[in-house]
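One file, upload38.cif, is given below (mmCIF, C-alpha atoms).
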```
data_start
loop_
_atom_site.group_PDB
_atom_site.id
_atom_site.type_symbol
_atom_site.label_atom_id
_atom_site.label_comp_id
_atom_site.auth_asym_id
_atom_site.auth_seq_id
_atom_site.Cartn_x
_atom_site.Cartn_y
_atom_site.Cartn_z
ATOM 1 C CA MET A 419 -52.026 69.177 127.074
ATOM 2 C CA GLU A 420 -53.656 66.373 125.128
ATOM 3 C CA TRP A 421 -50.469 65.917 123.052
ATOM 4 C CA GLU A 422 -48.454 65.787 126.279
ATOM 5 C CA ASN A 423 -50.633 63.014 127.690
ATOM 6 C CA GLN A 424 -50.279 61.032 124.512
ATOM 7 C CA THR A 425 -46.486 61.044 124.675
ATOM 8 C CA HIS A 426 -46.323 59.811 128.299
ATOM 9 C CA LEU A 427 -47.971 56.421 127.918
ATOM 10 C CA GLU A 428 -47.124 53.941 130.641
ATOM 11 C CA GLU A 429 -48.263 50.795 128.841
ATOM 12 C CA PHE A 430 -49.641 49.394 125.595
ATOM 13 C CA PHE A 431 -52.411 46.887 125.027
ATOM 14 C CA LEU A 432 -51.511 44.155 122.523
ATOM 15 C CA LYS A 433 -54.591 43.123 120.567
ATOM 16 C CA GLY A 434 -53.146 39.956 119.033
ATOM 17 C CA LEU A 435 -55.883 37.338 118.859
ATOM 18 C CA SER A 436 -58.127 38.949 121.484
ATOM 19 C CA GLY A 437 -61.655 37.708 121.019
ATOM 20 C CA TYR A 438 -60.494 34.270 119.850
ATOM 21 C CA PRO A 439 -59.621 32.387 123.077
ATOM 22 C CA GLY A 440 -59.841 29.032 121.332
ATOM 23 C CA LEU A 441 -57.209 30.054 118.802
ATOM 24 C CA GLU A 442 -55.027 31.511 121.557
ATOM 25 C CA HIS A 443 -54.997 28.200 123.413
ATOM 26 C CA LEU A 444 -54.244 26.312 120.206
ATOM 27 C CA PHE A 445 -51.397 28.655 119.258
ATOM 28 C CA PHE A 446 -50.040 28.471 122.799
ATOM 29 C CA VAL A 447 -49.491 24.723 122.461
ATOM 30 C CA VAL A 448 -48.167 24.902 118.894
ATOM 31 C CA ILE A 449 -45.773 27.800 119.488
ATOM 32 C CA LEU A 450 -44.556 26.343 122.784
ATOM 33 C CA MET A 451 -43.602 23.127 120.982
ATOM 34 C CA MET A 452 -41.921 25.093 118.195
ATOM 35 C CA TYR A 453 -40.003 27.195 120.702
ATOM 36 C CA ALA A 454 -38.710 24.067 122.432
ATOM 37 C CA VAL A 455 -37.493 22.716 119.087
ATOM 38 C CA ILE A 456 -35.858 26.070 118.279
ATOM 39 C CA LEU A 457 -33.941 26.073 121.567
ATOM 40 C CA VAL A 458 -32.827 22.448 121.232
ATOM 41 C CA GLY A 459 -31.989 22.627 117.520
ATOM 42 C CA ASN A 460 -30.115 25.900 117.528
ATOM 43 C CA GLY A 461 -28.513 25.159 120.891
ATOM 44 C CA THR A 462 -27.189 21.882 119.499
ATOM 45 C CA LEU A 463 -25.674 23.646 116.494
ATOM 46 C CA ILE A 464 -23.947 26.158 118.780
ATOM 47 C CA ILE A 465 -22.516 23.367 120.947
ATOM 48 C CA LEU A 466 -21.322 21.445 117.897
ATOM 49 C CA SER A 467 -19.678 24.505 116.328
ATOM 50 C CA ILE A 468 -17.791 25.159 119.586
ATOM 51 C CA PHE A 469 -16.726 21.685 120.676
ATOM 52 C CA ASP A 470 -16.265 19.779 117.405
ATOM 53 C CA SER A 471 -12.859 20.647 115.945
ATOM 54 C CA HIS A 472 -13.998 19.619 112.439
ATOM 55 C CA LEU A 473 -16.477 22.500 112.503
ATOM 56 C CA HIS A 474 -13.948 25.190 113.379
ATOM 57 C CA THR A 475 -14.292 26.845 109.990
ATOM 58 C CA PRO A 476 -15.707 30.217 108.854
ATOM 59 C CA MET A 477 -18.946 28.645 107.623
ATOM 60 C CA TYR A 478 -19.733 27.020 110.962
ATOM 61 C CA PHE A 479 -18.604 30.087 112.872
ATOM 62 C CA PHE A 480 -21.246 32.033 110.942
ATOM 63 C CA LEU A 481 -23.741 29.221 111.499
ATOM 64 C CA GLY A 482 -23.110 29.371 115.245
ATOM 65 C CA ASN A 483 -23.799 33.118 115.156
ATOM 66 C CA LEU A 484 -26.956 32.498 113.126
ATOM 67 C CA SER A 485 -28.188 29.948 115.666
ATOM 68 C CA PHE A 486 -27.448 32.314 118.550
ATOM 69 C CA LEU A 487 -29.333 35.058 116.714
ATOM 70 C CA ASP A 488 -32.358 32.810 116.271
ATOM 71 C CA ILE A 489 -32.401 31.929 119.965
ATOM 72 C CA CYS A 490 -32.116 35.607 120.960
ATOM 73 C CA PHE A 491 -34.749 36.684 118.423
ATOM 74 C CA THR A 492 -37.340 34.139 119.525
ATOM 75 C CA THR A 493 -36.583 34.549 123.238
ATOM 76 C CA SER A 494 -37.201 38.289 122.953
ATOM 77 C CA SER A 495 -40.762 37.659 121.807
ATOM 78 C CA ILE A 496 -42.113 34.111 122.186
ATOM 79 C CA PRO A 497 -42.167 33.776 126.019
ATOM 80 C CA PHE A 498 -44.058 37.070 126.280
ATOM 81 C CA THR A 499 -46.474 35.990 123.542
ATOM 82 C CA LEU A 500 -47.120 32.662 125.262
ATOM 83 C CA VAL A 501 -47.914 34.417 128.543
ATOM 84 C CA SER A 502 -50.239 36.854 126.786
ATOM 85 C CA PHE A 503 -52.150 33.966 125.188
ATOM 86 C CA LEU A 504 -53.117 32.746 128.681
ATOM 87 C CA SER A 505 -53.561 36.174 130.253
ATOM 88 C CA GLU A 506 -56.727 38.255 130.234
ATOM 89 C CA ARG A 507 -54.766 41.503 130.500
ATOM 90 C CA LYS A 508 -52.508 41.638 127.453
ATOM 91 C CA THR A 509 -50.394 44.666 128.260
ATOM 92 C CA ILE A 510 -46.738 45.620 128.028
ATOM 93 C CA SER A 511 -45.013 48.596 129.641
ATOM 94 C CA PHE A 512 -43.715 51.458 127.524
ATOM 95 C CA LEU A 513 -40.119 50.512 128.371
ATOM 96 C CA GLY A 514 -40.822 46.820 127.785
ATOM 97 C CA CYS A 515 -42.256 47.665 124.368
ATOM 98 C CA ALA A 516 -39.151 49.670 123.460
ATOM 99 C CA VAL A 517 -36.848 46.842 124.576
ATOM 100 C CA GLN A 518 -38.868 44.249 122.678
ATOM 101 C CA MET A 519 -38.848 46.385 119.531
ATOM 102 C CA PHE A 520 -35.108 47.021 119.833
ATOM 103 C CA LEU A 521 -34.194 43.343 120.306
ATOM 104 C CA GLY A 522 -36.431 42.081 117.521
ATOM 105 C CA LEU A 523 -35.236 44.657 115.001
ATOM 106 C CA ALA A 524 -31.587 44.254 116.031
ATOM 107 C CA MET A 525 -31.667 40.472 115.625
ATOM 108 C CA GLY A 526 -33.541 40.657 112.320
ATOM 109 C CA THR A 527 -31.162 43.243 110.842
ATOM 110 C CA THR A 528 -28.098 41.329 112.036
ATOM 111 C CA GLU A 529 -29.409 38.157 110.415
ATOM 112 C CA CYS A 530 -29.895 39.938 107.079
ATOM 113 C CA VAL A 531 -26.296 41.148 107.052
ATOM 114 C CA LEU A 532 -24.949 37.840 108.371
ATOM 115 C CA LEU A 533 -26.649 35.872 105.582
ATOM 116 C CA GLY A 534 -24.889 38.168 103.106
ATOM 117 C CA MET A 535 -21.544 37.435 104.780
ATOM 118 C CA MET A 536 -22.289 33.710 104.612
ATOM 119 C CA ALA A 537 -23.040 33.975 100.887
ATOM 120 C CA PHE A 538 -19.686 35.681 100.325
ATOM 121 C CA ASP A 539 -18.002 32.885 102.293
ATOM 122 C CA ARG A 540 -19.585 30.264 100.018
ATOM 123 C CA TYR A 541 -18.559 32.255 96.934
ATOM 124 C CA VAL A 542 -14.914 32.321 98.003
ATOM 125 C CA ALA A 543 -14.988 28.620 98.968
ATOM 126 C CA ILE A 544 -16.321 27.512 95.588
ATOM 127 C CA CYS A 545 -14.965 30.095 93.154
ATOM 128 C CA ASN A 546 -11.582 30.792 94.789
ATOM 129 C CA PRO A 547 -10.776 27.654 96.815
ATOM 130 C CA LEU A 548 -7.001 28.135 96.684
ATOM 131 C CA ARG A 549 -7.251 31.622 98.172
ATOM 132 C CA TYR A 550 -9.976 30.683 100.649
ATOM 133 C CA PRO A 551 -7.664 30.303 103.721
ATOM 134 C CA LEU A 552 -6.112 33.703 102.964
ATOM 135 C CA ILE A 553 -9.335 35.610 102.253
ATOM 136 C CA MET A 554 -11.405 33.982 104.987
ATOM 137 C CA SER A 555 -8.802 34.079 107.742
ATOM 138 C CA LYS A 556 -9.931 34.111 111.355
ATOM 139 C CA SER A 557 -9.494 37.866 111.642
ATOM 140 C CA SER A 558 -11.565 38.339 108.472
ATOM 141 C CA TYR A 559 -14.583 36.243 109.414
ATOM 142 C CA VAL A 560 -14.619 37.472 113.019
ATOM 143 C CA THR A 561 -14.604 41.049 111.714
ATOM 144 C CA MET A 562 -17.428 40.216 109.288
ATOM 145 C CA ALA A 563 -19.556 38.721 112.070
ATOM 146 C CA THR A 564 -18.799 41.632 114.414
ATOM 147 C CA GLY A 565 -19.770 44.076 111.672
ATOM 148 C CA SER A 566 -23.064 42.236 111.215
ATOM 149 C CA TRP A 567 -23.878 42.539 114.907
ATOM 150 C CA PHE A 568 -22.857 46.197 115.036
ATOM 151 C CA SER A 569 -25.026 47.002 111.991
ATOM 152 C CA GLY A 570 -28.048 45.339 113.597
ATOM 153 C CA VAL A 571 -27.635 47.045 116.963
ATOM 154 C CA ALA A 572 -26.946 50.494 115.463
ATOM 155 C CA ASN A 573 -29.890 50.323 113.051
ATOM 156 C CA SER A 574 -32.254 49.107 115.749
ATOM 157 C CA ALA A 575 -31.131 51.739 118.266
ATOM 158 C CA VAL A 576 -31.777 54.570 115.798
ATOM 159 C CA GLN A 577 -35.146 53.312 114.579
ATOM 160 C CA THR A 578 -36.439 52.380 118.035
ATOM 161 C CA ALA A 579 -35.435 55.766 119.481
ATOM 162 C CA PHE A 580 -37.223 57.694 116.729
ATOM 163 C CA VAL A 581 -40.393 55.581 116.896
ATOM 164 C CA MET A 582 -40.759 55.643 120.688
ATOM 165 C CA ARG A 583 -40.476 59.452 120.669
ATOM 166 C CA LEU A 584 -43.620 59.781 118.540
ATOM 167 C CA PRO A 585 -46.877 61.048 120.090
ATOM 168 C CA PHE A 586 -49.425 58.216 120.036
ATOM 169 C CA CYS A 587 -53.206 58.443 119.605
ATOM 170 C CA GLY A 588 -54.177 55.560 121.848
ATOM 171 C CA ASN A 589 -52.333 52.598 123.258
ATOM 172 C CA VAL A 590 -53.774 49.579 121.400
ATOM 173 C CA ILE A 591 -51.215 47.785 119.213
ATOM 174 C CA ASN A 592 -52.926 45.527 116.695
ATOM 175 C CA HIS A 593 -50.250 42.859 116.848
ATOM 176 C CA PHE A 594 -48.859 40.097 119.056
ATOM 177 C CA LEU A 595 -45.755 42.168 119.778
ATOM 178 C CA CYS A 596 -44.351 45.697 119.721
ATOM 179 C CA GLU A 597 -43.560 45.371 116.038
ATOM 180 C CA ILE A 598 -42.256 48.638 114.608
ATOM 181 C CA LEU A 599 -44.826 49.076 111.817
ATOM 182 C CA ALA A 600 -47.739 48.275 114.130
ATOM 183 C CA VAL A 601 -46.504 50.829 116.686
ATOM 184 C CA MET A 602 -45.930 53.501 114.018
ATOM 185 C CA LYS A 603 -49.564 53.167 112.919
ATOM 186 C CA MET A 604 -50.681 54.588 116.282
ATOM 187 C CA ALA A 605 -48.747 57.835 115.776
ATOM 188 C CA CYS A 606 -50.844 60.989 115.568
ATOM 189 C CA THR A 607 -48.226 63.025 113.761
ATOM 190 C CA ASP A 608 -46.421 62.951 110.444
ATOM 191 C CA ILE A 609 -44.205 59.865 110.282
ATOM 192 C CA SER A 610 -42.583 60.592 106.923
ATOM 193 C CA GLY A 611 -39.238 61.056 108.690
ATOM 194 C CA ASN A 612 -39.522 57.614 110.281
ATOM 195 C CA GLU A 613 -40.513 56.106 106.952
ATOM 196 C CA PHE A 614 -37.471 57.691 105.303
ATOM 197 C CA ILE A 615 -35.172 56.286 108.001
ATOM 198 C CA MET A 616 -36.772 52.874 107.531
ATOM 199 C CA LEU A 617 -36.335 53.116 103.758
ATOM 200 C CA VAL A 618 -32.641 53.936 104.134
ATOM 201 C CA ALA A 619 -32.181 51.124 106.673
ATOM 202 C CA THR A 620 -34.015 48.650 104.435
ATOM 203 C CA THR A 621 -31.781 49.591 101.512
ATOM 204 C CA LEU A 622 -28.572 49.309 103.515
ATOM 205 C CA PHE A 623 -29.289 46.288 105.673
ATOM 206 C CA THR A 624 -31.811 44.273 103.662
ATOM 207 C CA LEU A 625 -31.413 45.046 99.964
ATOM 208 C CA MET A 626 -27.623 45.413 99.875
ATOM 209 C CA PRO A 627 -27.024 42.025 101.574
ATOM 210 C CA LEU A 628 -29.610 40.566 99.193
ATOM 211 C CA VAL A 629 -27.710 42.026 96.216
ATOM 212 C CA LEU A 630 -24.504 40.496 97.601
ATOM 213 C CA ILE A 631 -26.280 37.146 97.919
ATOM 214 C CA VAL A 632 -27.637 37.297 94.363
ATOM 215 C CA ILE A 633 -24.235 38.226 92.903
ATOM 216 C CA SER A 634 -22.463 35.564 94.977
ATOM 217 C CA TYR A 635 -24.843 32.812 93.943
ATOM 218 C CA SER A 636 -24.824 33.897 90.306
ATOM 219 C CA LEU A 637 -21.048 33.447 90.295
ATOM 220 C CA ILE A 638 -21.350 30.213 92.289
ATOM 221 C CA ILE A 639 -23.855 28.727 89.840
ATOM 222 C CA SER A 640 -21.702 29.785 86.902
ATOM 223 C CA SER A 641 -18.671 28.149 88.529
ATOM 224 C CA ILE A 642 -20.577 24.955 89.343
ATOM 225 C CA LEU A 643 -21.898 24.624 85.783
ATOM 226 C CA SER A 644 -18.349 24.848 84.453
ATOM 227 C CA ILE A 645 -17.367 21.734 86.433
ATOM 228 C CA ARG A 646 -17.290 18.805 84.035
ATOM 229 C CA SER A 647 -17.995 15.873 86.337
ATOM 230 C CA ALA A 648 -21.486 15.365 87.750
ATOM 231 C CA GLU A 649 -19.976 14.286 91.057
ATOM 232 C CA GLY A 650 -17.966 17.500 91.287
ATOM 233 C CA ARG A 651 -21.036 19.618 90.546
ATOM 234 C CA SER A 652 -23.053 17.739 93.144
ATOM 235 C CA LYS A 653 -20.345 18.157 95.790
ATOM 236 C CA ALA A 654 -19.969 21.879 95.077
ATOM 237 C CA PHE A 655 -23.709 22.462 95.189
ATOM 238 C CA SER A 656 -24.091 20.534 98.469
ATOM 239 C CA THR A 657 -21.736 22.969 100.226
ATOM 240 C CA CYS A 658 -24.093 25.902 99.648
ATOM 241 C CA SER A 659 -27.557 24.337 99.246
ATOM 242 C CA ALA A 660 -28.429 24.620 102.945
ATOM 243 C CA HIS A 661 -27.529 28.302 103.105
ATOM 244 C CA PHE A 662 -29.378 28.992 99.853
ATOM 245 C CA THR A 663 -32.522 27.326 101.255
ATOM 246 C CA VAL A 664 -32.321 29.400 104.457
ATOM 247 C CA VAL A 665 -31.901 32.587 102.399
ATOM 248 C CA ILE A 666 -35.021 31.836 100.356
ATOM 249 C CA ILE A 667 -37.140 31.213 103.471
ATOM 250 C CA PHE A 668 -35.799 34.218 105.399
ATOM 251 C CA TYR A 669 -35.737 36.816 102.649
ATOM 252 C CA GLY A 670 -38.901 35.589 100.994
ATOM 253 C CA THR A 671 -40.794 36.165 104.229
ATOM 254 C CA ILE A 672 -39.204 39.433 105.315
ATOM 255 C CA LEU A 673 -39.490 41.051 101.872
ATOM 256 C CA PHE A 674 -43.175 40.162 101.666
ATOM 257 C CA MET A 675 -43.780 41.533 105.173
ATOM 258 C CA TYR A 676 -41.983 44.845 104.915
ATOM 259 C CA MET A 677 -41.901 45.664 101.202
ATOM 260 C CA LYS A 678 -45.411 44.782 100.081
ATOM 261 C CA PRO A 679 -47.494 47.599 98.521
ATOM 262 C CA LYS A 680 -49.045 49.892 101.136
ATOM 263 C CA SER A 681 -52.280 50.509 99.227
ATOM 264 C CA LYS A 682 -53.882 47.614 101.044
ATOM 265 C CA ASP A 683 -53.536 49.334 104.420
ATOM 266 C CA LYS A 684 -55.443 52.434 103.333
ATOM 267 C CA PHE A 685 -58.759 50.608 103.434
ATOM 268 C CA ASN A 686 -58.354 49.686 107.108
ATOM 269 C CA ALA A 687 -55.497 51.592 108.678
ATOM 270 C CA ASP A 688 -56.181 50.354 112.232
ATOM 271 C CA ASP A 689 -56.197 46.647 111.487
ATOM 272 C CA LEU A 690 -53.423 44.276 110.615
ATOM 273 C CA ASP A 691 -55.180 41.642 108.505
ATOM 274 C CA ALA A 692 -55.013 37.921 109.160
ATOM 275 C CA THR A 693 -52.494 37.319 106.381
ATOM 276 C CA ASP A 694 -50.038 39.814 107.867
ATOM 277 C CA LYS A 695 -50.371 38.259 111.313
ATOM 278 C CA LEU A 696 -49.794 34.751 110.023
ATOM 279 C CA ILE A 697 -46.777 35.853 108.002
ATOM 280 C CA SER A 698 -45.430 37.702 111.026
ATOM 281 C CA MET A 699 -45.756 34.531 113.091
ATOM 282 C CA PHE A 700 -44.137 32.489 110.315
ATOM 283 C CA TYR A 701 -41.224 34.907 110.196
ATOM 284 C CA GLY A 702 -40.857 34.959 113.961
ATOM 285 C CA VAL A 703 -41.115 31.218 114.568
ATOM 286 C CA MET A 704 -40.755 29.159 111.410
ATOM 287 C CA THR A 705 -37.468 30.620 110.147
ATOM 288 C CA PRO A 706 -35.529 29.934 113.394
ATOM 289 C CA LEU A 707 -37.230 26.525 113.504
ATOM 290 C CA MET A 708 -36.180 25.572 109.983
ATOM 291 C CA ASN A 709 -32.541 26.720 110.133
ATOM 292 C CA PRO A 710 -31.160 23.893 112.322
ATOM 293 C CA LEU A 711 -33.331 21.319 110.542
ATOM 294 C CA ILE A 712 -32.036 22.395 107.135
ATOM 295 C CA TYR A 713 -28.400 22.464 108.212
ATOM 296 C CA SER A 714 -28.582 19.149 110.066
ATOM 297 C CA LEU A 715 -30.513 17.254 107.405
ATOM 298 C CA ARG A 716 -28.541 18.527 104.403
ATOM 299 C CA ASN A 717 -25.029 18.711 105.792
ATOM 300 C CA LYS A 718 -22.712 15.724 106.181
ATOM 301 C CA ASP A 719 -20.338 17.550 108.532
ATOM 302 C CA VAL A 720 -23.137 18.395 110.955
ATOM 303 C CA LYS A 721 -24.521 14.858 110.783
ATOM 304 C CA GLU A 722 -21.074 13.476 111.583
ATOM 305 C CA ALA A 723 -20.631 15.947 114.446
ATOM 306 C CA ILE A 724 -24.016 14.926 115.896
ATOM 307 C CA LYS A 725 -22.986 11.293 115.618
ATOM 308 C CA ASN A 726 -19.707 12.005 117.438
ATOM 309 C CA LEU A 727 -21.547 13.977 120.139
ATOM 310 C CA LYS A 728 -23.957 11.110 120.713
ATOM 311 C CA GLY A 729 -20.993 8.741 120.972
ATOM 312 C CA ARG A 730 -19.360 10.916 123.619
ATOM 313 C CA LEU A 731 -22.557 11.209 125.627
ATOM 314 C CA LEU A 732 -23.090 7.455 125.524
ATOM 315 C CA GLY A 733 -19.460 6.826 126.387
ATOM 316 C CA LYS A 734 -18.642 4.999 123.162
#
```
Could you quickly redo this structure as structure tokens?
Amino acid sequence: MEWENQTHLEEFFLKGLSGYPGLEHLFFVVILMMYAVILVGNGTLIILSIFDSHLHTPMYFFLGNLSFLDICFTTSSIPFTLVSFLSERKTISFLGCAVQMFLGLAMGTTECVLLGMMAFDRYVAICNPLRYPLIMSKSSYVTMATGSWFSGVANSAVQTAFVMRLPFCGNVINHFLCEILAVMKMACTDISGNEFIMLVATTLFTLMPLVLIVISYSLIISSILSIRSAEGRSKAFSTCSAHFTVVIIFYGTILFMYMKPKSKDKFNADDLDATDKLISMFYGVMTPLMNPLIYSLRNKDVKEAIKNLKGRLLGK
């Protein structure tokens, strides 16, 4: 009977920064400002990639998808987090928790795969420029993007379903959100099956895209170094530097979060330490914040498109 009660939870309590109201108010202001920048920055990139004919290329099609992903990812979590910072009762329904977990994991997985597709696009553009229009045809890059989305949704659906079926010993999640690892820690049964599924998913949707990125950029660097003129090398590097920077920020954060040694957790299994929480916030807010800034500041095409958009809005 006790096991039955544990599996029919109606809501979860999100611990977050409970007990630190001053920090909650501070983070409310900071994250709200960041969220506004995320919406404006990524929204602008989506508008540019749709309405500026010069950006109707595979790279900017992927960039538009990346921006849409970042908006969806942050919108699935930040508004709820902001409300919880100002609310005394920091709860989320069982169904709401499942939906939040599904959306966050789906968007994160899709972004991993999409960054791999973008690396392949840059490889073809630099190492096989003459065959680029043939290899990266519209049907090809649309299929690649669709496959990225399908991978994210399928992986998230499987993992969320298996986690939410677990019997839980309590309903206090030591996190800001219904993050999958934090929820799994409440399980009062063997979770080796869930860990195996997560390991397989991490290998397929995190490590394999990373391997593709490493191979692509190894070949790109080799190709760039073989260019004799400094101007040619600089031009070739500029076409992939923004994506490479985004990859470092995204993968550096996610690999540290989900692939760090577990020995640390054994000393305090119920608590997510301050470092983990800060990294989780960085991953959830800073990466979507940096993407449009990196692409707009380091990309001449985007700068020109922004200039043209301003001209249209001002009637010039």
Mind running segment 525-554 of chain A against segment 571-594 of chain A at 9 Å and telling me each contacting residue's nearest atom pair with the distance in Å (one decimal), counting only C-alpha atoms, chain and number ascending, as a tab-separated table?
```
residue	atom	partner	partner_atom	distance
A:Met525	CA	A:Val571	CA	7.8
A:Thr527	CA	A:Asn573	CA	7.5
A:Thr528	CA	A:Val571	CA	7.6
```
Print the selection's residues with C-alpha atoms to a file, as a PDB file, keeping the file's coordinate frame.
```
ATOM      1  CA  MET A 525     -31.667  40.472 115.625  1.00  0.00           C
ATOM      2  CA  THR A 527     -31.162  43.243 110.842  1.00  0.00           C
ATOM      3  CA  THR A 528     -28.098  41.329 112.036  1.00  0.00           C
TER       4      THR A 528
END
```
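Compared by their closest atoms to Leu599 of chain A, and using all atoms listed in the file, the residues A:Leu523, A:Ile724, A:Ile633, A:Leu450 rank with A:Leu523 nearest.
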From (-30.8, 27.6, 101.4), in the file's coordinates, out to 12 Å: which residues are reached, counting all atoms listed in the file? Answer as a JSON list (two decimals) with C-alpha atoms, keeping the file's coordinate frame.
```json
[["chain", "number", "residue", "atom", "x", "y", "z"],
["A", 533, "LEU", "CA", -26.65, 35.87, 105.58],
["A", 536, "MET", "CA", -22.29, 33.71, 104.61],
["A", 537, "ALA", "CA", -23.04, 33.98, 100.89],
["A", 540, "ARG", "CA", -19.58, 30.26, 100.02],
["A", 631, "ILE", "CA", -26.28, 37.15, 97.92],
["A", 635, "TYR", "CA", -24.84, 32.81, 93.94],
["A", 655, "PHE", "CA", -23.71, 22.46, 95.19],
["A", 656, "SER", "CA", -24.09, 20.53, 98.47],
["A", 657, "THR", "CA", -21.74, 22.97, 100.23],
["A", 658, "CYS", "CA", -24.09, 25.90, 99.65],
["A", 659, "SER", "CA", -27.56, 24.34, 99.25],
["A", 660, "ALA", "CA", -28.43, 24.62, 102.94],
["A", 661, "HIS", "CA", -27.53, 28.30, 103.10],
["A", 662, "PHE", "CA", -29.38, 28.99, 99.85],
["A", 663, "THR", "CA", -32.52, 27.33, 101.26],
["A", 664, "VAL", "CA", -32.32, 29.40, 104.46],
["A", 665, "VAL", "CA", -31.90, 32.59, 102.40],
["A", 666, "ILE", "CA", -35.02, 31.84, 100.36],
["A", 667, "ILE", "CA", -37.14, 31.21, 103.47],
["A", 668, "PHE", "CA", -35.80, 34.22, 105.40],
["A", 669, "TYR", "CA", -35.74, 36.82, 102.65],
["A", 670, "GLY", "CA", -38.90, 35.59, 100.99],
["A", 705, "THR", "CA", -37.47, 30.62, 110.15],
["A", 708, "MET", "CA", -36.18, 25.57, 109.98],
["A", 709, "ASN", "CA", -32.54, 26.72, 110.13],
["A", 710, "PRO", "CA", -31.16, 23.89, 112.32],
["A", 711, "LEU", "CA", -33.33, 21.32, 110.54],
["A", 712, "ILE", "CA", -32.04, 22.40, 107.14],
["A", 713, "TYR", "CA", -28.40, 22.46, 108.21],
["A", 715, "LEU", "CA", -30.51, 17.25, 107.40],
["A", 716, "ARG", "CA", -28.54, 18.53, 104.40],
["A", 717, "ASN", "CA", -25.03, 18.71, 105.79]]
```
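Here the question is which of A:Tyr453, A:Trp567, A:Phe469, A:Phe479 gets nearest to Ser494 of chain A using all atoms listed in the file, and that residue is A:Tyr453.
What separates atom CA of Ser511 of chain A from atom CA of Thr493 of chain A is a distance of 17.6 Å.
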Residues matched by the PyMOL selection byres ((chain A and resi 505) around 12) as a PyMOL selection string: chain A and resi 431-436+439+442-443+446+498-504+506-510
Residues just named, written with C-alpha atoms as a compact mmCIF listing (two decimals), keeping the file's coordinate frame:
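What landed in out_15.txt:
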```
# COMPACT_ATOMS: atom_id res chain seq x y z
CA PHE A 431 -52.41 46.89 125.03
CA LEU A 432 -51.51 44.16 122.52
CA LYS A 433 -54.59 43.12 120.57
CA GLY A 434 -53.15 39.96 119.03
CA LEU A 435 -55.88 37.34 118.86
CA SER A 436 -58.13 38.95 121.48
CA PRO A 439 -59.62 32.39 123.08
CA GLU A 442 -55.03 31.51 121.56
CA HIS A 443 -55.00 28.20 123.41
CA PHE A 446 -50.04 28.47 122.80
CA PHE A 498 -44.06 37.07 126.28
CA THR A 499 -46.47 35.99 123.54
CA LEU A 500 -47.12 32.66 125.26
CA VAL A 501 -47.91 34.42 128.54
CA SER A 502 -50.24 36.85 126.79
CA PHE A 503 -52.15 33.97 125.19
CA LEU A 504 -53.12 32.75 128.68
CA GLU A 506 -56.73 38.26 130.23
CA ARG A 507 -54.77 41.50 130.50
CA LYS A 508 -52.51 41.64 127.45
CA THR A 509 -50.39 44.67 128.26
CA ILE A 510 -46.74 45.62 128.03
```
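Atom pair atom CA of Val703 of chain A / atom CA of Ile489 of chain A: separated by 10.3 Å.
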